[in-house]
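Some notes on the structure that comes next.
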Amino acid sequence: MDFFKHLSLLLFVFSILFDSTNGSSVLLERAKESEFMDWMVGIRRRLHENPELGYEEFETSKLIRKELDSMGIEYKYPIAVTGIVGFIGTGKAPFVGLRADMDALPIQESVEWEHKSKVPGKMHACGHDAHVAMLLGAAKILQEHKSDIQGTVVLIFQPAEEGGGGAKRMIDEGAVQNIDAIFGCHIAGEFPVGTVASRPGTIMAGSGFFEAVITGKGGHAAIPQHTIDPIIAASNVIVSLQHLISREADPLDSQVVTVAKFQGGGAFNVIPDSVTIGGTFRAFSKESFMQLRQRIEEVIVRQASVQRCNATVDFLTDIHPFFPPTINNPSLHEHFEKVASDIVGPTNVREKPPVMGAEDFAFFSDAVPATYYYFVGMATDTDKLYPKAHSPFFTINEAALPYGAASHASLALNYLSEFRKNLSNRGNVDEAHDEL
């Protein structure tokens, strides 16, 4: 009898040890199975052939809902015009979110292949087609392990990531209500397939756009004394804006101001009445970002006045809301390293240096207690560098799809398991918030 008691105890301990990572490597093997892989690849290619811009993802949404229906997964639709929020698990707390963006870009694809975009001037040039396929893959894995889910996984298919503030709109419409933590990921060509990468703290910058109209007095180029030249004024403005970084910003606090638009005049011998300039500004902290915003307006208006011109500045927040910095929760980083190490091995969990690119996943940090963003490698040893995102030559290595699907599924499963365990240890399981 004692033998069986000891055996039962050993089996119980073993089950706990195994459950600590919920068999994450097993989930990867499932995602790599040929039938499973072909299914994800098929979804990604159908989406790639039929790209849709922000808040226009109606066919994309239809495809996602069809797949969720086939898996028997409940969901809410529409949210934020085309967004979908699915639910797997008990329907009760705790709640963990997994997010995929699904919009394309207004870019003409230059890659010649069998599944090239069929829509002129539109392309999945940032990997959102792969992100959707990976989240659907995670959904399939999670649905197969539904009985093991100790809470609820919330699947967030989000529109309009590319400047449209789709995350903010989904938040406003209640998509992340009650969620305790949320994970998002992005495909990455700078890391090998079979690796994942991230870091604690700030990983991507906050960003905003600006447009200024500088108005003077036009006239013939041969008699400039009868004009007030807005081109000279705009040129001085652009140079002065660079001083915000070189002379006002802390060199250890990375910031960027870039003027990428300059429009004025249409003839070689006519000084125009006005010039329009525009650009972007980036920073890794909210404080630095808002300081830049204030100084950009001051410099444009005051520098233009030095040249006897008037200037108005528009930060375009109605169509391009400011993106906050993307900041990874340190505790979730520990969780990510633990789970990812079990999936791909500790040596394949890489550190991702912070970048000045922006991601509207950052909006979730205003509404969810803990947020985390990571990258899924897709490069191979024999490949040259993949073209950067937003390039007409952007491509995806579909061998990366199982790693994204398994990572999403395992991060969610293990988070819920650890969350419940921590609550139980503190004796306050019932203090978790209500079901959806």
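Ligands are numbered from 1 in the order shown, chains are lettered A, B, ... in the order of the structure tokens, and residues start at 1 in each chain.
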
Exercise. Skipping near chain neighbours, those fewer than 5 positions away, what residues fall within 9 Å of region 129-135 of chain A using only C-alpha atoms, listed as a PyMOL selection string?
Worked result: chain A and resi 39-48+51+64+98-104+124+140+155-157+185-187+396+398+400-406+408-409

Exercise. Neighbours of region 310-323 of chain A within 6 Å (only C-alpha atoms; same-chain residues fewer than 2 positions away dropped), as a VMD selection string?
Worked result: chain A and resid 163 to 164 206 to 215 301 305 360

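Backbone DSSP over region 134-199 of chain A gives alpha helix (DSSP H) for A:Met134, A:Leu135, A:Leu136, A:Gly137, A:Ala138, A:Ala139, A:Lys140, A:Ile141, A:Leu142, A:Gln143, A:Glu144, A:Gly166, A:Ala167, A:Lys168, A:Arg169, A:Met170, A:Ile171, A:Asp172.
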
For this session: Just give me the gap between CA of Leu252 (chain A) and CA of Ser235 (chain A) in Å, one decimal is fine.
Result: 27.9 Å

For this session: Tell me, as a ChimeraX atom specification, which residues lie within 12 Å of Ser254 (chain A), counting only C-alpha atoms; anything in the same chain fewer than 2 positions away does not count.
Result: /A:202,204-206,244-246,248-252,256-257,281-285,288-289,292,354-356

For this session: Can you list, as a PyMOL selection string, all residues belonging to region 25-202 of chain A that DSSP tags as strand (DSSP E)?
Result: chain A and resi 74-79+83-89+95-101+152-158+181-192+196-198+201-202

File of the preceding selection, C-alpha atoms, as a PDB file, in the first residue's frame:
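Printed below is again_20.pdb as written:
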ATOM      1  CA  GLU A  74     -17.222  31.211 -29.930  1.00  0.00           C
ATOM      2  CA  TYR A  75     -16.533  34.828 -30.872  1.00  0.00           C
ATOM      3  CA  LYS A  76     -17.914  38.343 -30.995  1.00  0.00           C
ATOM      4  CA  TYR A  77     -18.183  40.236 -34.295  1.00  0.00           C
ATOM      5  CA  PRO A  78     -17.980  42.986 -35.401  1.00  0.00           C
ATOM      6  CA  ILE A  79     -15.736  44.960 -33.085  1.00  0.00           C
ATOM      7  CA  GLY A  83     -12.388  42.997 -35.707  1.00  0.00           C
ATOM      8  CA  ILE A  84     -13.142  39.658 -34.054  1.00  0.00           C
ATOM      9  CA  VAL A  85     -12.728  38.518 -30.460  1.00  0.00           C
ATOM     10  CA  GLY A  86     -12.835  34.757 -29.827  1.00  0.00           C
ATOM     11  CA  PHE A  87     -12.936  32.802 -26.552  1.00  0.00           C
ATOM     12  CA  ILE A  88     -11.501  29.403 -25.595  1.00  0.00           C
ATOM     13  CA  GLY A  89     -11.707  27.909 -22.120  1.00  0.00           C
ATOM     14  CA  PHE A  95      -8.237  35.945 -18.921  1.00  0.00           C
ATOM     15  CA  VAL A  96      -5.198  36.131 -21.199  1.00  0.00           C
ATOM     16  CA  GLY A  97      -5.232  37.734 -24.658  1.00  0.00           C
ATOM     17  CA  LEU A  98      -3.460  36.805 -27.901  1.00  0.00           C
ATOM     18  CA  ARG A  99      -3.510  39.413 -30.648  1.00  0.00           C
ATOM     19  CA  ALA A 100      -2.977  39.352 -34.424  1.00  0.00           C
ATOM     20  CA  ASP A 101      -3.232  42.337 -36.753  1.00  0.00           C
ATOM     21  CA  THR A 152     -10.067  31.850 -20.724  1.00  0.00           C
ATOM     22  CA  VAL A 153      -7.897  32.623 -23.742  1.00  0.00           C
ATOM     23  CA  VAL A 154      -9.148  35.660 -25.676  1.00  0.00           C
ATOM     24  CA  LEU A 155      -8.279  35.676 -29.390  1.00  0.00           C
ATOM     25  CA  ILE A 156      -8.034  39.226 -30.740  1.00  0.00           C
ATOM     26  CA  PHE A 157      -8.049  39.694 -34.512  1.00  0.00           C
ATOM     27  CA  GLN A 158      -7.436  43.404 -34.901  1.00  0.00           C
ATOM     28  CA  ALA A 181      -2.245  39.975 -19.732  1.00  0.00           C
ATOM     29  CA  ILE A 182      -1.920  40.124 -23.501  1.00  0.00           C
ATOM     30  CA  PHE A 183       0.718  38.833 -25.937  1.00  0.00           C
ATOM     31  CA  GLY A 184       1.430  39.923 -29.494  1.00  0.00           C
ATOM     32  CA  CYS A 185       4.107  38.926 -31.973  1.00  0.00           C
ATOM     33  CA  HIS A 186       5.670  39.929 -35.284  1.00  0.00           C
ATOM     34  CA  ILE A 187       7.517  37.950 -37.914  1.00  0.00           C
ATOM     35  CA  ALA A 188      11.202  38.965 -38.133  1.00  0.00           C
ATOM     36  CA  GLY A 189      13.695  38.479 -40.959  1.00  0.00           C
ATOM     37  CA  GLU A 190      16.731  39.409 -38.880  1.00  0.00           C
ATOM     38  CA  PHE A 191      16.490  36.266 -36.721  1.00  0.00           C
ATOM     39  CA  PRO A 192      16.831  32.644 -37.914  1.00  0.00           C
ATOM     40  CA  VAL A 196      12.236  33.934 -30.971  1.00  0.00           C
ATOM     41  CA  ALA A 197      13.387  37.301 -29.642  1.00  0.00           C
ATOM     42  CA  SER A 198      12.319  40.025 -27.253  1.00  0.00           C
ATOM     43  CA  GLY A 201      11.059  47.170 -20.935  1.00  0.00           C
ATOM     44  CA  THR A 202      10.802  49.419 -23.986  1.00  0.00           C
TER      45      THR A 202
END

For this session: Tell me which of A:Val344, A:Ile327, A:Ala233, A:Ala367 sits closest to Gln303 (chain A), counting only C-alpha atoms.
Result: A:Ala233

For this session: Find the distance between CA of Phe58 (chain A) and CA of Thr82 (chain A) and write it in Å to one decimal.
Result: 6.0 Å

For this session: Write out as JSON, numbers by chain each polymer residue whose atoms come within 10 Å of Asp342 (chain A), counting only C-alpha atoms; drop sequence neighbours fewer than 3 positions from it.
Result: {"A": [21, 22, 23, 24, 25, 26, 28, 336, 337, 338, 339, 345, 346, 349, 407, 410]}

Exercise. Leu241 (chain A): which residues within 8 Å, counting only C-alpha atoms, same-chain residues fewer than 5 positions away excluded, as an MDAnalysis selection string?
Worked result: chainID A and resid 257 296 299:300

For this session: Pick out the closest residue to Glu287 (chain A) from this set: A:Trp113, A:Gln255, A:Lys32, A:Val275. Count only C-alpha atoms.
Result: A:Gln255

Problem set entry | Shortest interatomic distance to Gln242 (chain A) - which of A:Gly279, A:Arg30, A:Gly377, A:Ile107, counting only C-alpha atoms | A:Gly279

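From CA of Asp273 (chain A) back to CA of Gly216 (chain A), the distance works out to 5.3 Å.
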
Extract, using only C-alpha atoms, all DNA, RNA and protein residues at most 12 Å from Gly121 (chain A), discarding same-chain residues fewer than 2 positions from it, and format them as an mmCIF file with N, CA, C and O atoms, in the first residue's frame.
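Result written to part30.cif:
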data_model
loop_
_atom_site.group_PDB
_atom_site.id
_atom_site.type_symbol
_atom_site.label_atom_id
_atom_site.label_comp_id
_atom_site.auth_asym_id
_atom_site.auth_seq_id
_atom_site.Cartn_x
_atom_site.Cartn_y
_atom_site.Cartn_z
ATOM 1 N N ASN A 50 -5.396 38.264 -51.284
ATOM 2 C CA ASN A 50 -6.544 39.177 -51.195
ATOM 3 C C ASN A 50 -6.358 40.178 -50.058
ATOM 4 O O ASN A 50 -7.111 40.182 -49.078
ATOM 5 N N PRO A 51 -5.365 41.059 -50.169
ATOM 6 C CA PRO A 51 -5.074 42.004 -49.085
ATOM 7 C C PRO A 51 -6.143 43.093 -48.983
ATOM 8 O O PRO A 51 -6.711 43.529 -49.994
ATOM 9 N N GLU A 52 -6.399 43.519 -47.746
ATOM 10 C CA GLU A 52 -7.375 44.579 -47.506
ATOM 11 C C GLU A 52 -6.781 45.592 -46.526
ATOM 12 O O GLU A 52 -6.118 45.218 -45.559
ATOM 13 N N LEU A 53 -7.032 46.867 -46.782
ATOM 14 C CA LEU A 53 -6.488 47.925 -45.939
ATOM 15 C C LEU A 53 -7.277 48.051 -44.638
ATOM 16 O O LEU A 53 -8.299 47.386 -44.451
ATOM 17 N N ALA A 104 -3.549 45.101 -44.533
ATOM 18 C CA ALA A 104 -2.459 45.163 -45.511
ATOM 19 C C ALA A 104 -2.033 46.618 -45.710
ATOM 20 O O ALA A 104 -2.500 47.522 -45.018
ATOM 21 N N LEU A 105 -1.156 46.831 -46.689
ATOM 22 C CA LEU A 105 -0.607 48.162 -46.964
ATOM 23 C C LEU A 105 -0.901 48.593 -48.395
ATOM 24 O O LEU A 105 -1.046 47.745 -49.288
ATOM 25 N N PRO A 106 -0.963 49.909 -48.649
ATOM 26 C CA PRO A 106 -1.189 50.400 -50.017
ATOM 27 C C PRO A 106 0.105 50.371 -50.830
ATOM 28 O O PRO A 106 0.665 51.407 -51.193
ATOM 29 N N ILE A 107 0.583 49.158 -51.118
ATOM 30 C CA ILE A 107 1.842 48.952 -51.827
ATOM 31 C C ILE A 107 1.613 47.966 -52.970
ATOM 32 O O ILE A 107 0.928 46.953 -52.797
ATOM 33 N N GLN A 108 2.178 48.241 -54.125
ATOM 34 C CA GLN A 108 2.100 47.321 -55.251
ATOM 35 C C GLN A 108 3.167 46.242 -55.100
ATOM 36 O O GLN A 108 4.360 46.541 -55.051
ATOM 37 N N GLU A 109 2.753 44.984 -55.003
ATOM 38 C CA GLU A 109 3.717 43.906 -54.792
ATOM 39 C C GLU A 109 4.632 43.726 -55.997
ATOM 40 O O GLU A 109 4.175 43.702 -57.149
ATOM 41 N N SER A 110 5.936 43.575 -55.729
ATOM 42 C CA SER A 110 6.936 43.377 -56.786
ATOM 43 C C SER A 110 7.526 41.971 -56.765
ATOM 44 O O SER A 110 8.457 41.689 -57.518
ATOM 45 N N LYS A 116 0.940 35.806 -55.530
ATOM 46 C CA LYS A 116 1.090 37.262 -55.512
ATOM 47 C C LYS A 116 -0.264 37.933 -55.307
ATOM 48 O O LYS A 116 -1.313 37.410 -55.686
ATOM 49 N N SER A 117 -0.263 39.122 -54.699
ATOM 50 C CA SER A 117 -1.491 39.874 -54.469
ATOM 51 C C SER A 117 -2.291 40.041 -55.762
ATOM 52 O O SER A 117 -1.749 40.404 -56.807
ATOM 53 N N LYS A 118 -3.575 39.762 -55.682
ATOM 54 C CA LYS A 118 -4.477 39.923 -56.826
ATOM 55 C C LYS A 118 -5.136 41.298 -56.858
ATOM 56 O O LYS A 118 -5.920 41.601 -57.761
ATOM 57 N N VAL A 119 -4.815 42.134 -55.867
ATOM 58 C CA VAL A 119 -5.438 43.457 -55.755
ATOM 59 C C VAL A 119 -4.400 44.518 -56.101
ATOM 60 O O VAL A 119 -3.437 44.702 -55.353
ATOM 61 N N MET A 123 -0.952 45.189 -50.708
ATOM 62 C CA MET A 123 -0.057 44.054 -50.453
ATOM 63 C C MET A 123 0.093 43.820 -48.956
ATOM 64 O O MET A 123 0.144 44.775 -48.171
ATOM 65 N N HIS A 124 0.194 42.563 -48.572
ATOM 66 C CA HIS A 124 0.598 42.223 -47.211
ATOM 67 C C HIS A 124 2.113 42.323 -47.161
ATOM 68 O O HIS A 124 2.830 41.341 -47.350
ATOM 69 N N ALA A 125 2.601 43.540 -46.874
ATOM 70 C CA ALA A 125 4.042 43.812 -46.878
ATOM 71 C C ALA A 125 4.606 43.938 -45.477
ATOM 72 O O ALA A 125 5.712 44.444 -45.296
ATOM 73 N N PRO A 392 8.007 46.602 -51.249
ATOM 74 C CA PRO A 392 7.251 45.818 -52.234
ATOM 75 C C PRO A 392 7.864 44.452 -52.495
ATOM 76 O O PRO A 392 7.239 43.607 -53.137
#
